[in-house]
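Chemist: Please find upload00.csv (CSV, C-alpha atoms and all ligand atoms) on the next line:
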chain,number,residue,atom,x,y,z
A,16,MET,CA,-2.3,157.4,178.5
A,17,THR,CA,-1.7,154.8,181.3
A,18,SER,CA,1.7,154.6,182.8
A,19,PRO,CA,3.3,151.2,182.5
A,20,LEU,CA,5.1,151.9,185.8
A,21,LEU,CA,1.8,152.2,187.6
A,22,THR,CA,0.4,148.8,186.4
A,23,SER,CA,0.5,145.7,188.6
A,24,VAL,CA,3.1,143.0,188.1
A,25,LYS,CA,3.9,139.5,189.4
A,26,LEU,CA,7.2,139.2,191.3
A,27,GLY,CA,8.0,135.7,192.5
A,28,ARG,CA,5.0,134.6,194.5
A,29,TYR,CA,3.6,138.1,195.0
A,30,THR,CA,1.3,140.3,192.8
A,31,LEU,CA,2.4,143.9,193.3
A,32,PRO,CA,0.1,146.9,192.7
A,33,ASN,CA,2.7,148.9,190.8
A,34,ARG,CA,6.3,148.6,189.5
A,35,VAL,CA,7.8,151.3,191.6
A,36,VAL,CA,10.5,149.9,193.9
A,37,LEU,CA,12.1,151.6,196.9
A,38,ALA,CA,15.9,151.1,196.1
A,39,PRO,CA,18.1,149.9,199.0
A,40,LEU,CA,19.4,153.0,200.7
A,41,THR,CA,22.0,153.1,203.5
A,42,ARG,CA,21.0,155.9,205.9
A,43,ASN,CA,23.2,155.1,209.0
A,44,ARG,CA,20.4,155.6,211.5
A,45,ALA,CA,20.3,152.3,213.5
A,46,ALA,CA,20.3,152.4,217.3
A,47,ALA,CA,23.1,151.0,219.6
A,48,GLY,CA,23.9,147.4,218.8
A,49,TYR,CA,23.1,148.1,215.1
A,50,VAL,CA,19.4,147.6,216.0
A,51,PRO,CA,16.6,149.1,213.8
A,52,ARG,CA,14.3,151.4,215.8
A,53,GLU,CA,10.9,153.1,215.7
A,54,LEU,CA,12.3,155.9,213.5
A,55,ASN,CA,13.3,153.4,210.9
A,56,ALA,CA,9.9,151.8,211.0
A,57,ILE,CA,8.3,155.3,210.4
A,58,HIS,CA,10.6,155.9,207.4
A,59,TYR,CA,9.8,152.6,205.7
A,60,ALA,CA,6.0,152.8,206.5
A,61,GLN,CA,5.9,156.3,204.9
A,62,ARG,CA,7.0,154.7,201.6
A,63,ALA,CA,4.8,151.6,201.8
A,64,SER,CA,2.8,152.5,198.6
A,65,ALA,CA,5.8,151.3,196.5
A,66,GLY,CA,5.1,148.0,194.8
A,67,LEU,CA,8.1,146.7,196.7
A,68,LEU,CA,10.4,148.1,199.4
A,69,ILE,CA,14.0,146.9,199.7
A,70,THR,CA,15.7,147.8,202.9
A,71,GLU,CA,19.1,149.5,203.3
A,72,ALA,CA,21.9,147.0,203.2
A,73,SER,CA,22.2,145.1,206.5
A,74,GLN,CA,25.3,143.4,207.6
A,75,ILE,CA,25.1,139.6,208.1
A,76,SER,CA,27.8,139.5,210.7
A,77,PRO,CA,30.0,141.9,212.7
A,78,GLN,CA,32.7,141.2,210.1
A,79,GLY,CA,30.4,142.2,207.3
A,80,MET,CA,30.1,145.8,208.6
A,81,GLY,CA,31.8,148.8,206.9
A,82,TYR,CA,30.1,152.1,207.9
A,83,PRO,CA,28.9,153.6,211.2
A,84,ASN,CA,25.4,152.9,212.5
A,85,THR,CA,24.3,150.5,209.8
A,86,PRO,CA,21.8,147.9,210.9
A,87,GLY,CA,22.6,144.2,211.3
A,88,ILE,CA,20.6,141.0,210.9
A,89,TYR,CA,22.6,138.7,213.2
A,90,THR,CA,21.4,139.2,216.8
A,91,PRO,CA,18.0,138.6,218.4
A,92,GLU,CA,17.8,142.3,219.2
A,93,GLN,CA,18.2,143.2,215.6
A,94,VAL,CA,15.6,140.7,214.6
A,95,GLN,CA,13.2,142.4,217.1
A,96,GLY,CA,14.1,145.8,215.7
A,97,TRP,CA,13.4,144.7,212.2
A,98,ARG,CA,10.0,143.4,213.4
A,99,LEU,CA,9.0,147.0,214.1
A,100,VAL,CA,9.8,147.8,210.4
A,101,THR,CA,8.0,144.8,208.9
A,102,ASP,CA,4.9,145.3,211.1
A,103,ALA,CA,4.7,149.0,210.2
A,104,VAL,CA,5.1,148.3,206.4
A,105,HIS,CA,2.6,145.4,206.5
A,106,GLY,CA,0.2,147.5,208.5
A,107,LYS,CA,0.1,149.8,205.5
A,108,GLY,CA,-0.3,147.0,203.0
A,109,GLY,CA,3.3,147.1,201.7
A,110,LYS,CA,5.8,144.3,200.8
A,111,ILE,CA,9.4,144.5,202.1
A,112,PHE,CA,12.6,142.6,201.3
A,113,LEU,CA,15.8,142.8,203.4
A,114,GLN,CA,19.1,143.4,201.6
A,115,LEU,CA,21.8,141.0,202.9
A,116,TRP,CA,25.3,142.6,203.0
A,117,HIS,CA,28.9,141.7,203.6
A,118,VAL,CA,31.2,144.7,202.8
A,119,GLY,CA,34.4,142.6,202.4
A,120,ARG,CA,37.3,145.1,202.1
A,121,ILE,CA,35.1,148.2,202.2
A,122,SER,CA,35.6,148.5,206.0
A,123,HIS,CA,38.2,149.6,208.5
A,124,PRO,CA,39.8,147.9,211.6
A,125,SER,CA,38.0,150.4,213.8
A,126,LEU,CA,34.7,148.9,212.6
A,127,GLN,CA,35.8,145.3,212.8
A,128,PRO,CA,35.6,142.9,215.8
A,129,ASP,CA,38.9,143.2,217.9
A,130,GLY,CA,40.2,145.7,215.4
A,131,ALA,CA,40.9,143.0,212.9
A,132,LEU,CA,41.7,143.6,209.2
A,133,PRO,CA,38.7,143.6,206.9
A,134,VAL,CA,38.5,140.4,204.8
A,135,ALA,CA,38.4,140.1,201.0
A,136,PRO,CA,39.1,137.6,198.2
A,137,SER,CA,42.7,138.9,197.9
A,138,ALA,CA,44.9,141.3,199.9
A,139,ILE,CA,44.3,144.3,197.6
A,140,ALA,CA,43.3,147.7,199.1
A,141,PRO,CA,40.7,149.9,197.5
A,142,ALA,CA,41.6,153.5,196.6
A,143,GLY,CA,40.2,156.1,198.9
A,144,GLU,CA,38.9,156.3,202.4
A,145,ALA,CA,36.7,154.3,204.8
A,146,SER,CA,33.8,156.0,206.7
A,147,THR,CA,34.6,155.5,210.4
A,148,TYR,CA,33.3,156.8,213.7
A,149,THR,CA,36.3,159.3,213.7
A,150,GLY,CA,35.8,160.5,210.2
A,151,MET,CA,37.3,159.4,206.9
A,152,GLN,CA,40.4,157.2,207.2
A,153,PRO,CA,42.5,155.6,204.4
A,154,PHE,CA,41.5,152.1,203.5
A,155,VAL,CA,43.8,149.4,204.8
A,156,THR,CA,45.0,146.4,202.8
A,157,PRO,CA,42.5,143.6,203.7
A,158,ARG,CA,43.3,140.0,204.6
A,159,ALA,CA,42.6,137.4,202.0
A,160,LEU,CA,40.1,134.9,203.2
A,161,GLU,CA,41.5,131.4,203.7
A,162,LEU,CA,39.8,128.7,201.7
A,163,GLU,CA,38.6,127.0,204.9
A,164,GLU,CA,36.9,130.3,206.0
A,165,ILE,CA,34.6,130.5,202.9
A,166,PRO,CA,32.0,128.0,204.2
A,167,GLN,CA,31.7,130.2,207.3
A,168,ILE,CA,30.8,133.2,205.1
A,169,VAL,CA,28.1,131.1,203.3
A,170,ALA,CA,26.9,130.0,206.8
A,171,GLN,CA,26.7,133.7,207.9
A,172,TYR,CA,24.4,134.4,204.9
A,173,ARG,CA,22.3,131.4,205.7
A,174,ILE,CA,21.8,132.4,209.3
A,175,ALA,CA,21.1,136.0,208.3
A,176,ALA,CA,18.5,134.8,205.8
A,177,GLN,CA,16.8,132.7,208.6
A,178,ASN,CA,16.8,135.8,210.9
A,179,ALA,CA,15.2,137.8,208.1
A,180,LEU,CA,12.5,135.2,207.9
A,181,GLU,CA,11.9,135.4,211.6
A,182,ALA,CA,11.8,139.2,211.4
A,183,GLY,CA,8.7,139.0,209.2
A,184,PHE,CA,10.2,140.1,205.8
A,185,ASP,CA,8.5,139.1,202.6
A,186,GLY,CA,11.8,138.2,201.0
A,187,VAL,CA,15.5,139.0,200.8
A,188,GLU,CA,17.8,140.6,198.3
A,189,ILE,CA,21.4,139.4,198.1
A,190,HIS,CA,23.7,142.4,197.7
A,191,GLY,CA,26.1,141.4,194.9
A,192,ALA,CA,26.6,145.0,193.7
A,193,ASN,CA,28.7,148.1,194.3
A,194,GLY,CA,32.0,146.6,195.1
A,195,TYR,CA,31.2,144.7,198.3
A,196,LEU,CA,32.3,141.1,199.1
A,197,LEU,CA,30.4,139.2,196.5
A,198,ASP,CA,31.2,141.7,193.8
A,199,GLN,CA,34.9,141.6,195.0
A,200,PHE,CA,34.9,137.8,194.3
A,201,LEU,CA,33.2,138.2,190.9
A,202,GLN,CA,35.5,140.8,189.3
A,203,ASP,CA,39.1,140.2,188.5
A,204,ASN,CA,40.8,143.3,189.8
A,205,THR,CA,39.8,142.4,193.3
A,206,ASN,CA,40.0,138.6,193.0
A,207,GLN,CA,43.4,137.2,192.3
A,208,ARG,CA,43.0,133.9,194.1
A,209,THR,CA,44.5,130.7,192.7
A,210,ASP,CA,42.1,128.3,194.4
A,211,SER,CA,38.6,127.2,193.4
A,212,TYR,CA,37.2,130.7,194.1
A,213,GLY,CA,39.6,132.6,191.7
A,214,GLY,CA,40.8,132.6,188.2
A,215,SER,CA,38.1,131.4,185.8
A,216,VAL,CA,34.8,133.2,185.7
A,217,GLU,CA,33.1,130.0,187.0
A,218,ASN,CA,35.4,130.1,190.0
A,219,ARG,CA,34.9,133.9,190.6
A,220,ALA,CA,31.1,133.4,190.5
A,221,ARG,CA,31.2,130.4,192.8
A,222,LEU,CA,30.7,132.3,196.1
A,223,LEU,CA,27.7,134.2,194.7
A,224,MET,CA,26.2,130.9,193.6
A,225,GLU,CA,26.9,129.2,196.9
A,226,VAL,CA,25.4,132.1,198.8
A,227,THR,CA,22.3,132.2,196.5
A,228,ALA,CA,21.8,128.4,197.0
A,229,ALA,CA,22.0,128.8,200.8
A,230,VAL,CA,19.5,131.7,200.8
A,231,VAL,CA,17.1,130.0,198.4
A,232,ASP,CA,17.2,127.0,200.7
A,233,VAL,CA,15.9,129.1,203.5
A,234,TRP,CA,13.4,131.3,201.6
A,235,GLU,CA,12.5,129.3,198.5
A,236,SER,CA,13.5,130.9,195.2
A,237,ASP,CA,10.4,133.0,194.6
A,238,ARG,CA,11.2,135.3,197.5
A,239,VAL,CA,14.8,135.9,196.8
A,240,GLY,CA,16.4,138.5,194.5
A,241,VAL,CA,20.0,139.3,193.6
A,242,ARG,CA,21.5,142.8,192.9
A,243,LEU,CA,24.4,143.3,190.6
A,244,SER,CA,26.2,146.4,189.2
A,245,PRO,CA,27.8,145.1,186.0
A,246,SER,CA,29.0,148.6,184.9
A,247,GLY,CA,29.9,150.0,188.3
A,248,THR,CA,33.3,151.4,189.2
A,249,PHE,CA,32.3,152.5,192.7
A,250,ASN,CA,34.7,151.2,195.4
A,251,SER,CA,37.5,150.8,192.9
A,252,MET,CA,35.8,148.0,190.9
A,253,TYR,CA,37.0,146.8,187.5
A,254,ASP,CA,36.9,143.6,185.5
A,255,SER,CA,39.0,143.0,182.4
A,256,ASN,CA,36.0,141.5,180.5
A,257,ARG,CA,32.8,142.5,182.2
A,258,ALA,CA,30.5,141.3,179.4
A,259,VAL,CA,31.8,137.8,179.9
A,260,THR,CA,32.0,137.9,183.7
A,261,PHE,CA,28.5,139.3,184.2
A,262,GLY,CA,27.0,137.5,181.2
A,263,TYR,CA,28.1,134.2,182.9
A,264,ALA,CA,26.9,135.2,186.4
A,265,VAL,CA,23.5,136.2,185.1
A,266,LYS,CA,23.1,133.1,183.0
A,267,GLU,CA,24.0,131.0,186.0
A,268,LEU,CA,21.5,132.7,188.2
A,269,ASN,CA,18.8,131.5,185.8
A,270,ARG,CA,19.0,128.1,187.3
A,271,PHE,CA,17.6,129.4,190.7
A,272,ASN,CA,14.4,130.8,189.2
A,273,LEU,CA,14.6,133.8,191.5
A,274,ALA,CA,11.9,136.4,192.2
A,275,TYR,CA,14.1,138.9,190.3
A,276,LEU,CA,17.4,140.1,189.2
A,277,HIS,CA,18.1,143.8,190.2
A,278,LEU,CA,20.6,145.6,187.9
A,279,VAL,CA,22.2,149.0,188.7
A,280,ALA,CA,22.2,150.8,185.4
A,281,PRO,CA,25.5,152.2,184.0
A,282,ARG,CA,24.8,155.8,183.9
A,283,VAL,CA,24.5,156.6,187.7
A,284,ALA,CA,27.1,159.1,188.8
A,285,GLY,CA,29.9,157.4,190.7
A,286,PHE,CA,28.8,154.1,189.2
A,287,GLU,CA,29.6,154.8,185.6
A,288,SER,CA,31.6,152.6,183.3
A,289,ALA,CA,35.4,152.3,183.1
A,290,GLU,CA,36.4,153.8,179.8
A,291,ASP,CA,37.7,150.7,178.0
A,292,GLN,CA,34.6,148.6,178.9
A,293,PRO,CA,31.1,148.6,177.4
A,294,ASP,CA,28.2,149.9,179.4
A,295,LEU,CA,26.0,146.9,180.2
A,296,GLY,CA,22.4,147.8,180.9
A,297,SER,CA,19.3,145.8,181.2
A,298,ASP,CA,19.0,145.7,177.4
A,299,PHE,CA,22.2,143.6,177.4
A,300,PHE,CA,20.9,141.2,180.1
A,301,ARG,CA,17.3,140.9,178.9
A,302,PRO,CA,18.1,138.1,176.3
A,303,ILE,CA,20.4,136.3,178.8
A,304,TYR,CA,18.1,136.4,181.9
A,305,ASP,CA,14.9,134.4,181.9
A,306,GLY,CA,13.1,136.1,184.8
A,307,THR,CA,11.9,139.4,186.2
A,308,ILE,CA,14.3,142.4,186.0
A,309,ILE,CA,14.4,145.4,188.2
A,310,THR,CA,16.5,148.3,186.9
A,311,ALA,CA,17.8,151.2,189.0
A,312,GLY,CA,19.9,154.3,188.6
A,313,GLY,CA,19.0,157.8,187.6
A,314,TYR,CA,15.4,157.2,186.6
A,315,SER,CA,12.7,159.7,186.3
A,316,PHE,CA,9.0,158.9,185.9
A,317,GLU,CA,9.4,159.4,182.2
A,318,SER,CA,12.5,157.3,181.7
A,319,ALA,CA,11.1,154.6,184.0
A,320,ASN,CA,8.0,154.3,181.9
A,321,ALA,CA,10.1,154.2,178.8
A,322,ALA,CA,12.3,151.4,180.3
A,323,ILE,CA,9.3,149.3,181.0
A,324,ALA,CA,7.6,150.1,177.7
A,325,SER,CA,10.8,149.0,175.9
A,326,GLY,CA,10.5,145.6,177.4
A,327,ASN,CA,14.1,145.7,178.9
A,328,ALA,CA,12.9,145.9,182.5
A,329,ASP,CA,9.8,144.9,184.5
A,330,LEU,CA,10.2,147.2,187.5
A,331,VAL,CA,12.2,150.3,188.3
A,332,ALA,CA,13.9,151.2,191.6
A,333,PHE,CA,14.2,154.8,192.8
A,334,GLY,CA,16.8,155.9,195.3
A,335,ARG,CA,17.3,159.6,195.7
A,336,LEU,CA,13.8,160.5,194.6
A,337,TYR,CA,12.5,158.2,197.3
A,338,ILE,CA,14.6,159.8,199.9
A,339,ALA,CA,12.8,163.1,199.4
A,340,ASN,CA,9.3,161.8,198.3
A,341,PRO,CA,7.7,159.3,200.6
A,342,ASP,CA,4.5,159.4,198.5
A,343,LEU,CA,6.5,159.0,195.2
A,344,VAL,CA,3.8,156.7,193.7
A,345,GLU,CA,1.0,159.1,194.4
A,346,ARG,CA,3.1,162.0,193.1
A,347,PHE,CA,3.8,160.1,189.9
A,348,ALA,CA,0.1,159.2,189.5
A,349,ALA,CA,-0.8,162.9,189.9
A,350,ASN,CA,2.0,164.2,187.9
A,351,ALA,CA,2.8,166.3,190.9
A,352,PRO,CA,6.1,168.2,191.5
A,353,LEU,CA,8.8,166.4,193.5
A,354,ASN,CA,10.8,167.4,196.6
A,355,THR,CA,14.5,167.7,196.1
A,356,PRO,CA,16.7,165.4,198.3
A,357,ASP,CA,19.2,167.0,200.6
A,358,ARG,CA,22.6,165.3,200.5
A,359,ASN,CA,23.7,166.6,203.8
A,360,THR,CA,21.2,164.4,205.6
A,361,PHE,CA,21.8,161.2,203.5
A,362,TYR,CA,24.1,159.5,206.0
A,363,GLY,CA,23.5,159.6,209.7
A,364,GLY,CA,21.5,161.7,212.0
A,365,ASP,CA,17.8,161.5,213.1
A,366,ALA,CA,14.4,162.5,211.7
A,367,GLU,CA,15.7,165.5,209.8
A,368,GLY,CA,16.0,164.6,206.1
A,369,TYR,CA,14.7,161.1,206.9
A,370,THR,CA,11.1,161.1,208.0
A,371,ASP,CA,10.3,164.8,207.6
A,372,TYR,CA,10.0,165.2,203.8
A,373,PRO,CA,6.4,166.4,203.2
A,374,THR,CA,3.8,164.5,201.3
A,375,MET,CA,1.6,166.3,198.7
A,376,GLN,CA,-1.0,168.7,200.1
B,1,LIG,C1,22.2,157.5,200.3
B,1,LIG,C2,22.4,156.3,199.4
B,1,LIG,C3,22.5,155.1,200.0
B,1,LIG,C4,22.6,153.9,199.2
B,1,LIG,N1,22.7,152.7,199.9
B,1,LIG,C5,22.6,151.5,199.1
B,1,LIG,C6,22.5,150.3,199.7
B,1,LIG,O1,22.5,150.1,201.0
B,1,LIG,N2,22.5,149.2,198.9
B,1,LIG,C7,22.6,149.3,197.6
B,1,LIG,O2,22.5,148.2,196.9
B,1,LIG,N3,22.6,150.5,197.0
B,1,LIG,C8,22.6,151.6,197.7
B,1,LIG,N4,22.6,152.8,197.0
B,1,LIG,C9,22.4,152.9,195.6
B,1,LIG,C10,20.9,153.0,195.3
B,1,LIG,O3,20.2,151.8,195.6
B,1,LIG,C11,20.6,153.3,193.8
B,1,LIG,O4,21.1,152.3,193.0
B,1,LIG,C12,21.3,154.6,193.4
B,1,LIG,O5,21.0,155.7,194.3
B,1,LIG,C13,20.9,155.1,192.0
B,1,LIG,O6,19.5,155.3,191.9
B,1,LIG,P1,18.8,156.8,191.9
B,1,LIG,O7,19.4,157.5,190.8
B,1,LIG,O8,17.4,156.5,191.8
B,1,LIG,O9,19.2,157.4,193.2
B,1,LIG,C14,22.6,154.0,197.8
B,1,LIG,C15,22.4,155.3,197.2
B,1,LIG,C16,22.3,156.4,198.0
B,1,LIG,C17,22.2,157.7,197.3
Written as structure tokens, that's how I'd like the structure from this file.
Modeler:
Amino acid sequence: MTSPLLTSVKLGRYTLPNRVVLAPLTRNRAAAGYVPRELNAIHYAQRASAGLLITEASQISPQGMGYPNTPGIYTPEQVQGWRLVTDAVHGKGGKIFLQLWHVGRISHPSLQPDGALPVAPSAIAPAGEASTYTGMQPFVTPRALELEEIPQIVAQYRIAAQNALEAGFDGVEIHGANGYLLDQFLQDNTNQRTDSYGGSVENRARLLMEVTAAVVDVWESDRVGVRLSPSGTFNSMYDSNRAVTFGYAVKELNRFNLAYLHLVAPRVAGFESAEDQPDLGSDFFRPIYDGTIITAGGYSFESANAAIASGNADLVAFGRLYIANPDLVERFAANAPLNTPDRNTFYGGDAEGYTDYPTMQ
């Protein structure tokens, strides 16, 4: 039987050889100045047989950063560093999109320019602790963005999108998932604004739509994707009516005719549903969204094939399996055993647990 996952697919302006996607994976291994380096290029090139690679989240500005040693896309040095990555992936025939990131409140003054407070839609602290250069530290209460500052945020996305184009990427993904800035605006436990960016779902979705419009203006719509996590509770996220909130946002995204919508599935550990809210998977969004859907979260080869065969998704992104299996596509094709990822080397460090997982013999 042929595997639906290993068949070719059209994604925006590209035709991809298979439907396997490298999920965006933060690995905290950038060089000084938050600049991607040769080691990162090796990592991505090792995984170039994926139909599509999506990079780790990359901060669009110094303010958009929330973890140690994550790469940026706002300086000329960072653009040059990313060029190593795009050249290496293209040299092996792959396609790679950059994930654009602003963390909002998921940061810490020690990671912010001049020790400033992180910014957010409203001055509400997340539960838990921030990852800093001196270990875990309690989250602080962020500063609510002034209405006049919001156009500057959109402008940061636009400049970052231009930089990604210059760095030779094939497209960009707007990170609207997992409790970072755009998700903080969308959901009502983090957005209690009373201006045109808060209150109604139209207002809460406004920043996501403005950012999408700016990025599409730079890239054209068929090279832009958006990632959302409608059932995620990671980073203290909650919405009092997630079906309405995300149903509206997804419906609105139709008007951009994007390359894809990337949905994080409900069942991922740490991303699972709050108890009084329904799980919203790609089956919920399929009738609402007119375009290509990538689903991610806890998939195996079998469940990924089933997701595509069901018609509820077009491509499947793999995170943890891809950390440990650079030749994941070849292993799937051969029905070969998979390496097990080592959590201890997920975040930070060097080649160990990053570029040294073996390929099949
Ligand atoms: C180490 C690690 C880093 C991650 N970094 C990101 C990221 O930068 N951006 C993002 O959207 N999701 C990120 N995620 C979530 C993954 O993209 C993916 O949705 C999640 O791991 C579930 O898929 P899996 O079960 O195949 O691992 C990360 C997950 C892990 C384990």
Chemist: Name each residue within 6 Å of ligand LIG 1 (chain B), counting only C-alpha atoms and all ligand atoms, as JSON, numbers by chain.
Modeler: {"A": [38, 39, 40, 41, 42, 71, 72, 190, 279, 283, 311, 312, 313, 314, 333, 334, 335, 361]}
Chemist: Residues within 8 Å of (19.4, 139.6, 190.2), file coordinates, counting all atoms listed in the file: what are they? Give the list as a compact mmCIF listing (two decimals) with C-alpha atoms, in the frame of the given file.
Modeler:
# COMPACT_ATOMS: atom_id res chain seq x y z
CA GLY A 240 16.40 138.50 194.50
CA VAL A 241 20.00 139.30 193.60
CA ARG A 242 21.50 142.80 192.90
CA LEU A 243 24.40 143.30 190.60
CA VAL A 265 23.50 136.20 185.10
CA LEU A 268 21.50 132.70 188.20
CA LEU A 273 14.60 133.80 191.50
CA TYR A 275 14.10 138.90 190.30
CA LEU A 276 17.40 140.10 189.20
CA HIS A 277 18.10 143.80 190.20
CA LEU A 278 20.60 145.60 187.90
CA ILE A 308 14.30 142.40 186.00
CA ILE A 309 14.40 145.40 188.20
Chemist: Report, in Å to a single decimal, how far apart atom CA of Gln74 of chain A and atom CA of Trp116 of chain A are.
Modeler: 4.7 Å
Chemist: Considering all atoms listed in the file, state which residue in the set A:Pro293, A:Val169, A:Ala264, A:Pro281 is at the smallest distance from Asp232 of chain A.
Modeler: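 The closest residue to Asp232 of chain A is A:Val169.
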Chemist: Which polymer residues have any atom within 9 Å of an atom of Val233 of chain A, counting only C-alpha atoms, with same-chain residues fewer than 5 positions away left out, as a list of chain:residue names?
Modeler: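 The residues that qualify are A:Arg173, A:Ile174, A:Ala176, A:Gln177, A:Leu180, A:Ala228.
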Chemist: Here is a test: counting all atoms listed in the file, which residue of A:Met252, A:Gly213, A:Gln93, A:Ala220 is nearest to Ala140 of chain A?
Modeler: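 The closest residue to Ala140 of chain A is A:Met252.
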Chemist: Pick out the closest residue to Val104 of chain A from this set: A:Asn269, A:Gln61, A:Asn204, A:Ser315. Count all atoms listed in the file.
Modeler: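 Using all atoms listed in the file, Val104 of chain A sits closest to A:Gln61.
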Chemist: If you measure from atom CA of Phe249 of chain A to atom CA of Thr90 of chain A, what distance in Å do you get, rounded to one decimal?
Modeler: 29.6 Å
Chemist: Atom CA of Gly186 of chain A to atom CA of Ala103 of chain A: how many Å, to one decimal?
Modeler: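 Spanning atom CA of Gly186 of chain A to atom CA of Ala103 of chain A is a straight-line distance of 15.9 Å.
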Chemist: Of the candidates A:Tyr148, A:Phe200, A:Tyr369, A:Tyr82, which one gets nearest to Ala339 of chain A if we count all atoms listed in the file?
Modeler: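 Nearest candidate to Ala339 of chain A out of A:Tyr148, A:Phe200, A:Tyr369, A:Tyr82: A:Tyr369.
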Chemist: With only C-alpha atoms as the atoms that count, which of A:Val134, A:Leu99, A:Val259, A:Leu330 lies nearest to Arg52 of chain A?
Modeler: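 Checking each of A:Val134, A:Leu99, A:Val259, A:Leu330 against Arg52 of chain A, counting only C-alpha atoms, the winner is A:Leu99.
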Chemist: List the neighbours of Leu20 of chain A out to 10 Å using only C-alpha atoms; skip same-chain residues closer than 4 positions along the sequence, and give me the result as a ChimeraX atom specification.
Modeler: /A:24,32-36,66,316-317,319-324,329-331,344,347-348
Chemist: Write the residues of the preceding selection, restricted to C-alpha atoms, as a PDB file, keeping the file's coordinate frame.
Modeler:
ATOM      1  CA  VAL A  24       3.100 143.000 188.100  1.00  0.00           C
ATOM      2  CA  PRO A  32       0.100 146.900 192.700  1.00  0.00           C
ATOM      3  CA  ASN A  33       2.700 148.900 190.800  1.00  0.00           C
ATOM      4  CA  ARG A  34       6.300 148.600 189.500  1.00  0.00           C
ATOM      5  CA  VAL A  35       7.800 151.300 191.600  1.00  0.00           C
ATOM      6  CA  VAL A  36      10.500 149.900 193.900  1.00  0.00           C
ATOM      7  CA  GLY A  66       5.100 148.000 194.800  1.00  0.00           C
ATOM      8  CA  PHE A 316       9.000 158.900 185.900  1.00  0.00           C
ATOM      9  CA  GLU A 317       9.400 159.400 182.200  1.00  0.00           C
ATOM     10  CA  ALA A 319      11.100 154.600 184.000  1.00  0.00           C
ATOM     11  CA  ASN A 320       8.000 154.300 181.900  1.00  0.00           C
ATOM     12  CA  ALA A 321      10.100 154.200 178.800  1.00  0.00           C
ATOM     13  CA  ALA A 322      12.300 151.400 180.300  1.00  0.00           C
ATOM     14  CA  ILE A 323       9.300 149.300 181.000  1.00  0.00           C
ATOM     15  CA  ALA A 324       7.600 150.100 177.700  1.00  0.00           C
ATOM     16  CA  ASP A 329       9.800 144.900 184.500  1.00  0.00           C
ATOM     17  CA  LEU A 330      10.200 147.200 187.500  1.00  0.00           C
ATOM     18  CA  VAL A 331      12.200 150.300 188.300  1.00  0.00           C
ATOM     19  CA  VAL A 344       3.800 156.700 193.700  1.00  0.00           C
ATOM     20  CA  PHE A 347       3.800 160.100 189.900  1.00  0.00           C
ATOM     21  CA  ALA A 348       0.100 159.200 189.500  1.00  0.00           C
TER      22      ALA A 348
END
Chemist: Return the single residue from A:Ile303, A:Leu196, A:Val231, A:Ala349 that is closest to Val118 of chain A, with distances computed using only C-alpha atoms.
Modeler: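 For Val118 of chain A, the nearest of the given residues is A:Leu196.
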Chemist: Around segment 240-258 of chain A, fit a box with edges along x, y and z, padding it by 3 Å on each side, then list its centre and edge lengths in Å to one decimal as AutoDock Vina command-line options.
Modeler:
--center_x 27.7 --center_y 145.5 --center_z 187.4 --size_x 28.6 --size_y 20.0 --size_z 22.0
Chemist: Save segment 176-185 of chain A to disk from that block, N, CA and C atoms included, as a PDB file, in the first residue's frame.
Modeler:
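Below is the file that was written, result.pdb:
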ATOM      1  N   ALA A 176      10.289  40.063   7.894  1.00  0.00           N
ATOM      2  CA  ALA A 176       9.877  39.318   6.697  1.00  0.00           C
ATOM      3  C   ALA A 176      10.775  39.694   5.522  1.00  0.00           C
ATOM      4  N   GLN A 177      11.095  40.973   5.421  1.00  0.00           N
ATOM      5  CA  GLN A 177      12.018  41.419   4.357  1.00  0.00           C
ATOM      6  C   GLN A 177      13.400  40.798   4.549  1.00  0.00           C
ATOM      7  N   ASN A 178      13.851  40.750   5.801  1.00  0.00           N
ATOM      8  CA  ASN A 178      15.155  40.145   6.094  1.00  0.00           C
ATOM      9  C   ASN A 178      15.161  38.663   5.720  1.00  0.00           C
ATOM     10  N   ALA A 179      14.053  37.982   5.982  1.00  0.00           N
ATOM     11  CA  ALA A 179      13.969  36.547   5.657  1.00  0.00           C
ATOM     12  C   ALA A 179      14.057  36.339   4.141  1.00  0.00           C
ATOM     13  N   LEU A 180      13.458  37.251   3.419  1.00  0.00           N
ATOM     14  CA  LEU A 180      13.522  37.189   1.948  1.00  0.00           C
ATOM     15  C   LEU A 180      14.977  37.344   1.503  1.00  0.00           C
ATOM     16  N   GLU A 181      15.657  38.295   2.121  1.00  0.00           N
ATOM     17  CA  GLU A 181      17.063  38.552   1.801  1.00  0.00           C
ATOM     18  C   GLU A 181      17.956  37.365   2.166  1.00  0.00           C
ATOM     19  N   ALA A 182      17.576  36.642   3.223  1.00  0.00           N
ATOM     20  CA  ALA A 182      18.378  35.503   3.686  1.00  0.00           C
ATOM     21  C   ALA A 182      18.175  34.266   2.813  1.00  0.00           C
ATOM     22  N   GLY A 183      17.282  34.345   1.838  1.00  0.00           N
ATOM     23  CA  GLY A 183      17.144  33.244   0.884  1.00  0.00           C
ATOM     24  C   GLY A 183      16.135  32.171   1.255  1.00  0.00           C
ATOM     25  N   PHE A 184      15.251  32.470   2.209  1.00  0.00           N
ATOM     26  CA  PHE A 184      14.212  31.483   2.546  1.00  0.00           C
ATOM     27  C   PHE A 184      13.221  31.318   1.402  1.00  0.00           C
ATOM     28  N   ASP A 185      12.457  30.216   1.468  1.00  0.00           N
ATOM     29  CA  ASP A 185      11.422  29.944   0.462  1.00  0.00           C
ATOM     30  C   ASP A 185      10.072  30.501   0.888  1.00  0.00           C
TER      31      ASP A 185
END
